[in-house]
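Participant: As input, take entry-v6.tsv (TSV, N, CA and C atoms):
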chain	number	residue	atom	x	y	z
A	1	MET	N	33.90	-36.12	-165.31
A	1	MET	CA	33.25	-37.10	-164.49
A	1	MET	C	31.89	-36.58	-164.06
A	2	SER	N	30.86	-37.37	-164.20
A	2	SER	CA	29.54	-36.91	-163.81
A	2	SER	C	29.20	-37.49	-162.45
A	3	SER	N	28.42	-36.75	-161.71
A	3	SER	CA	28.01	-37.24	-160.39
A	3	SER	C	26.74	-38.07	-160.53
A	4	SER	N	26.66	-39.11	-159.72
A	4	SER	CA	25.47	-39.97	-159.79
A	4	SER	C	24.35	-39.35	-158.97
A	5	SER	N	23.15	-39.57	-159.43
A	5	SER	CA	22.01	-39.01	-158.73
A	5	SER	C	21.65	-39.89	-157.53
A	6	SER	N	20.93	-39.33	-156.61
A	6	SER	CA	20.51	-40.06	-155.42
A	6	SER	C	19.58	-41.20	-155.81
A	7	GLY	N	19.81	-42.36	-155.21
A	7	GLY	CA	18.95	-43.50	-155.49
A	7	GLY	C	19.45	-44.35	-156.63
A	8	SER	N	20.70	-44.19	-157.04
A	8	SER	CA	21.24	-45.03	-158.10
A	8	SER	C	22.61	-45.55	-157.68
A	9	THR	N	23.02	-46.61	-158.35
A	9	THR	CA	24.34	-47.17	-158.08
A	9	THR	C	25.32	-46.65	-159.11
A	10	CYS	N	26.58	-47.05	-159.01
A	10	CYS	CA	27.60	-46.60	-159.97
A	10	CYS	C	27.29	-47.07	-161.38
A	11	SER	N	26.63	-48.22	-161.53
A	11	SER	CA	26.32	-48.74	-162.86
A	11	SER	C	25.07	-48.09	-163.47
A	12	GLY	N	24.42	-47.25	-162.73
A	12	GLY	CA	23.25	-46.58	-163.24
A	12	GLY	C	21.94	-47.29	-162.92
A	13	ASN	N	22.01	-48.47	-162.32
A	13	ASN	CA	20.78	-49.18	-161.95
A	13	ASN	C	20.22	-48.60	-160.66
A	14	PRO	N	18.93	-48.46	-160.56
A	14	PRO	CA	18.35	-47.89	-159.34
A	14	PRO	C	18.56	-48.82	-158.14
A	15	VAL	N	18.74	-48.21	-156.99
A	15	VAL	CA	18.91	-48.96	-155.75
A	15	VAL	C	17.55	-49.43	-155.27
A	16	GLN	N	17.46	-50.71	-154.96
A	16	GLN	CA	16.20	-51.25	-154.46
A	16	GLN	C	16.28	-51.39	-152.95
A	17	SER	N	15.20	-51.03	-152.30
A	17	SER	CA	15.19	-51.18	-150.85
A	17	SER	C	15.05	-52.66	-150.50
A	18	PRO	N	15.74	-53.11	-149.43
A	18	PRO	CA	15.66	-54.53	-149.06
A	18	PRO	C	14.25	-54.90	-148.63
A	19	SER	N	13.83	-56.08	-149.06
A	19	SER	CA	12.50	-56.52	-148.67
A	19	SER	C	12.56	-57.14	-147.28
A	20	LYS	N	11.48	-57.08	-146.59
A	20	LYS	CA	11.40	-57.62	-145.24
A	20	LYS	C	11.29	-59.15	-145.34
A	21	PRO	N	12.17	-59.88	-144.63
A	21	PRO	CA	12.10	-61.35	-144.71
A	21	PRO	C	10.84	-61.87	-144.04
A	22	ALA	N	10.33	-62.94	-144.58
A	22	ALA	CA	9.13	-63.55	-144.01
A	22	ALA	C	9.45	-64.19	-142.67
A	23	ALA	N	8.52	-64.14	-141.75
A	23	ALA	CA	8.71	-64.75	-140.44
A	23	ALA	C	8.78	-66.26	-140.61
A	24	ASP	N	9.84	-66.85	-140.06
A	24	ASP	CA	10.03	-68.29	-140.21
A	24	ASP	C	10.41	-68.86	-138.84
A	25	THR	N	9.67	-69.82	-138.39
A	25	THR	CA	9.93	-70.41	-137.07
A	25	THR	C	10.79	-71.66	-137.17
A	26	SER	N	11.33	-71.98	-138.33
A	26	SER	CA	12.13	-73.19	-138.48
A	26	SER	C	13.53	-73.05	-137.89
A	27	ASN	N	13.88	-71.87	-137.40
A	27	ASN	CA	15.20	-71.66	-136.81
A	27	ASN	C	15.26	-72.08	-135.34
A	28	TRP	N	14.15	-72.42	-134.74
A	28	TRP	CA	14.15	-72.75	-133.32
A	28	TRP	C	14.99	-73.97	-132.96
A	29	PRO	N	15.04	-75.02	-133.76
A	29	PRO	CA	15.94	-76.14	-133.42
A	29	PRO	C	17.42	-75.71	-133.39
A	30	ALA	N	17.81	-74.82	-134.28
A	30	ALA	CA	19.18	-74.33	-134.27
A	30	ALA	C	19.46	-73.51	-133.02
A	31	ILE	N	18.51	-72.68	-132.63
A	31	ILE	CA	18.67	-71.88	-131.42
A	31	ILE	C	18.75	-72.78	-130.20
A	32	ALA	N	17.94	-73.81	-130.15
A	32	ALA	CA	17.97	-74.74	-129.02
A	32	ALA	C	19.30	-75.48	-128.96
A	33	SER	N	19.84	-75.88	-130.11
A	33	SER	CA	21.12	-76.59	-130.09
A	33	SER	C	22.26	-75.67	-129.68
A	34	LEU	N	22.22	-74.41	-130.11
A	34	LEU	CA	23.23	-73.46	-129.65
A	34	LEU	C	23.14	-73.22	-128.15
A	35	THR	N	21.93	-73.15	-127.63
A	35	THR	CA	21.74	-72.97	-126.20
A	35	THR	C	22.33	-74.14	-125.43
A	36	LEU	N	22.06	-75.35	-125.90
A	36	LEU	CA	22.61	-76.53	-125.23
A	36	LEU	C	24.14	-76.56	-125.33
A	37	GLY	N	24.68	-76.10	-126.44
A	37	GLY	CA	26.13	-76.02	-126.58
A	37	GLY	C	26.76	-75.05	-125.60
A	38	VAL	N	26.13	-73.91	-125.42
A	38	VAL	CA	26.65	-72.92	-124.46
A	38	VAL	C	26.57	-73.47	-123.04
A	39	VAL	N	25.47	-74.12	-122.71
A	39	VAL	CA	25.34	-74.73	-121.38
A	39	VAL	C	26.44	-75.78	-121.18
A	40	GLY	N	26.70	-76.57	-122.21
A	40	GLY	CA	27.77	-77.57	-122.12
A	40	GLY	C	29.14	-76.95	-121.91
A	41	LEU	N	29.42	-75.84	-122.61
A	41	LEU	CA	30.70	-75.16	-122.42
A	41	LEU	C	30.84	-74.61	-121.01
A	42	VAL	N	29.78	-74.02	-120.50
A	42	VAL	CA	29.83	-73.47	-119.15
A	42	VAL	C	30.07	-74.59	-118.14
A	43	MET	N	29.36	-75.69	-118.32
A	43	MET	CA	29.51	-76.80	-117.38
A	43	MET	C	30.92	-77.40	-117.46
A	44	ALA	N	31.50	-77.48	-118.66
A	44	ALA	CA	32.79	-78.12	-118.84
A	44	ALA	C	33.97	-77.23	-118.46
A	45	GLU	N	33.84	-75.94	-118.65
A	45	GLU	CA	34.98	-75.05	-118.43
A	45	GLU	C	34.86	-74.17	-117.19
A	46	PHE	N	33.73	-73.53	-117.01
A	46	PHE	CA	33.63	-72.55	-115.94
A	46	PHE	C	33.26	-73.16	-114.59
A	47	LEU	N	32.46	-74.20	-114.59
A	47	LEU	CA	32.07	-74.82	-113.33
A	47	LEU	C	33.27	-75.39	-112.58
A	48	PRO	N	34.19	-76.11	-113.24
A	48	PRO	CA	35.35	-76.61	-112.50
A	48	PRO	C	36.20	-75.51	-111.89
A	49	ILE	N	36.26	-74.34	-112.51
A	49	ILE	CA	37.05	-73.24	-111.97
A	49	ILE	C	36.48	-72.81	-110.62
A	50	SER	N	35.18	-72.78	-110.50
A	50	SER	CA	34.58	-72.36	-109.23
A	50	SER	C	34.77	-73.42	-108.14
A	51	LEU	N	35.02	-74.64	-108.54
A	51	LEU	CA	35.23	-75.73	-107.58
A	51	LEU	C	36.70	-76.10	-107.43
A	52	LEU	N	37.60	-75.26	-107.91
A	52	LEU	CA	39.01	-75.58	-107.97
A	52	LEU	C	39.62	-75.90	-106.61
A	53	THR	N	39.34	-75.10	-105.61
A	53	THR	CA	39.92	-75.32	-104.28
A	53	THR	C	39.40	-76.62	-103.68
A	54	ALA	N	38.12	-76.88	-103.82
A	54	ALA	CA	37.56	-78.13	-103.28
A	54	ALA	C	38.13	-79.34	-104.00
A	55	MET	N	38.30	-79.26	-105.32
A	55	MET	CA	38.88	-80.37	-106.07
A	55	MET	C	40.32	-80.61	-105.66
A	56	ALA	N	41.09	-79.54	-105.49
A	56	ALA	CA	42.50	-79.69	-105.08
A	56	ALA	C	42.61	-80.32	-103.70
A	57	THR	N	41.74	-79.92	-102.81
A	57	THR	CA	41.76	-80.50	-101.46
A	57	THR	C	41.42	-81.98	-101.51
A	58	ASP	N	40.40	-82.36	-102.25
A	58	ASP	CA	40.00	-83.76	-102.35
A	58	ASP	C	41.09	-84.62	-103.01
A	59	LEU	N	41.79	-84.06	-103.99
A	59	LEU	CA	42.83	-84.81	-104.69
A	59	LEU	C	44.16	-84.79	-103.96
A	60	GLY	N	44.29	-83.94	-102.95
A	60	GLY	CA	45.53	-83.83	-102.19
A	60	GLY	C	46.64	-83.14	-102.96
A	61	ILE	N	46.29	-82.20	-103.84
A	61	ILE	CA	47.29	-81.45	-104.61
A	61	ILE	C	47.10	-79.97	-104.34
A	62	SER	N	48.07	-79.17	-104.82
A	62	SER	CA	47.96	-77.73	-104.61
A	62	SER	C	46.90	-77.12	-105.53
A	63	ASP	N	46.46	-75.93	-105.18
A	63	ASP	CA	45.49	-75.22	-106.03
A	63	ASP	C	46.07	-74.95	-107.42
A	64	GLY	N	47.36	-74.64	-107.48
A	64	GLY	CA	48.02	-74.37	-108.76
A	64	GLY	C	48.05	-75.58	-109.67
A	65	ALA	N	48.31	-76.76	-109.08
A	65	ALA	CA	48.34	-77.99	-109.88
A	65	ALA	C	46.95	-78.31	-110.43
A	66	ALA	N	45.93	-78.10	-109.63
A	66	ALA	CA	44.57	-78.33	-110.10
A	66	ALA	C	44.21	-77.33	-111.21
A	67	GLY	N	44.66	-76.10	-111.07
A	67	GLY	CA	44.42	-75.08	-112.09
A	67	GLY	C	45.12	-75.41	-113.40
A	68	GLN	N	46.34	-75.96	-113.30
A	68	GLN	CA	47.06	-76.36	-114.50
A	68	GLN	C	46.36	-77.51	-115.22
A	69	ALA	N	45.76	-78.41	-114.47
A	69	ALA	CA	45.04	-79.52	-115.08
A	69	ALA	C	43.85	-79.01	-115.90
A	70	ILE	N	43.16	-78.02	-115.38
A	70	ILE	CA	42.02	-77.46	-116.10
A	70	ILE	C	42.51	-76.65	-117.31
A	71	THR	N	43.65	-75.97	-117.16
A	71	THR	CA	44.21	-75.21	-118.27
A	71	THR	C	44.62	-76.14	-119.41
A	72	VAL	N	45.22	-77.28	-119.08
A	72	VAL	CA	45.63	-78.23	-120.11
A	72	VAL	C	44.41	-78.75	-120.87
A	73	THR	N	43.32	-79.03	-120.16
A	73	THR	CA	42.12	-79.51	-120.86
A	73	THR	C	41.58	-78.44	-121.80
A	74	ALA	N	41.61	-77.19	-121.38
A	74	ALA	CA	41.14	-76.11	-122.24
A	74	ALA	C	42.05	-75.95	-123.46
A	75	LEU	N	43.36	-76.09	-123.27
A	75	LEU	CA	44.28	-75.98	-124.40
A	75	LEU	C	44.09	-77.12	-125.40
A	76	VAL	N	43.86	-78.32	-124.91
A	76	VAL	CA	43.60	-79.45	-125.80
A	76	VAL	C	42.33	-79.18	-126.61
A	77	GLY	N	41.32	-78.64	-125.97
A	77	GLY	CA	40.09	-78.30	-126.68
A	77	GLY	C	40.30	-77.22	-127.71
A	78	ALA	N	41.13	-76.22	-127.38
A	78	ALA	CA	41.40	-75.13	-128.32
A	78	ALA	C	42.20	-75.61	-129.53
A	79	VAL	N	43.12	-76.54	-129.31
A	79	VAL	CA	43.92	-77.07	-130.42
A	79	VAL	C	43.08	-78.03	-131.26
A	80	GLY	N	42.26	-78.82	-130.61
A	80	GLY	CA	41.47	-79.82	-131.33
A	80	GLY	C	40.24	-79.28	-132.03
A	81	ALA	N	39.72	-78.15	-131.59
A	81	ALA	CA	38.49	-77.60	-132.16
A	81	ALA	C	38.56	-77.31	-133.65
A	82	PRO	N	39.65	-76.73	-134.16
A	82	PRO	CA	39.69	-76.48	-135.61
A	82	PRO	C	39.61	-77.75	-136.46
A	83	SER	N	40.03	-78.87	-135.92
A	83	SER	CA	39.97	-80.11	-136.70
A	83	SER	C	38.54	-80.61	-136.84
A	84	LEU	N	37.62	-80.11	-136.04
A	84	LEU	CA	36.22	-80.53	-136.12
A	84	LEU	C	35.43	-79.72	-137.13
A	85	HIS	N	36.04	-78.71	-137.74
A	85	HIS	CA	35.36	-77.87	-138.72
A	85	HIS	C	34.94	-78.71	-139.92
A	86	CYS	N	33.71	-78.55	-140.34
A	86	CYS	CA	33.18	-79.34	-141.46
A	86	CYS	C	33.69	-78.89	-142.79
What is this structure when it is put down as structure tokens?

Facilitator:
Amino acid sequence: MSSSSSGSTCSGNPVQSPSKPAADTSNWPAIASLTLGVVGLVMAEFLPISLLTAMATDLGISDGAAGQAITVTALVGAVGAPSLHC
């Protein structure tokens, strides 16, 4: 078995250094949509948790029952999310 020299692959072809990608600003709409998606998730899931006691008081239910309602919504989202895959 012969050892390969530095700078070559197993097939004997020389290894090429990766070229630097050209700067492209067309990705900004995708970044903006991801940002809006994260804001939407925070508003839909985390904000109600911080208001849990106030919501339970207004609805006249226990804190645990209000917490279960939010947990059920999160579970429905977790089960339904894979069906939205393109």

Participant: How many Å lie between CA of Pro82 in chain A and CA of Leu41 in chain A, rounded to one decimal?

Facilitator: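 Between CA of Pro82 in chain A and CA of Leu41 in chain A the gap is 16.0 Å.
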
Participant: In terms of the shortest atom-to-atom distance over all atoms listed in the file, which of A:Leu52, A:Leu47, A:Ala30, A:Leu84 is closest to Gly67 in chain A?

Facilitator: A:Leu52

Participant: How many Å lie between CA of Ala66 in chain A and CA of Ser50 in chain A, rounded to one decimal?

Facilitator: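 Straight-line distance from CA of Ala66 in chain A to CA of Ser50 in chain A works out to 11.7 Å.
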
Participant: In Å, with one decimal, what is the gap from CA of Ala69 in chain A to CA of Ser33 in chain A?

Facilitator: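 We find that CA of Ala69 in chain A and CA of Ser33 in chain A lie 28.4 Å from each other.
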
Participant: Emit as JSON the padded axis-aligned box for all listed atoms of range 28-43 of chain A, 4 Å per side, with centre and edge lengths in Å to one decimal.

Facilitator:
{"center_x": 22.5, "center_y": -74.7, "center_z": -126.1, "size_x": 24.8, "size_y": 13.7, "size_z": 25.4}
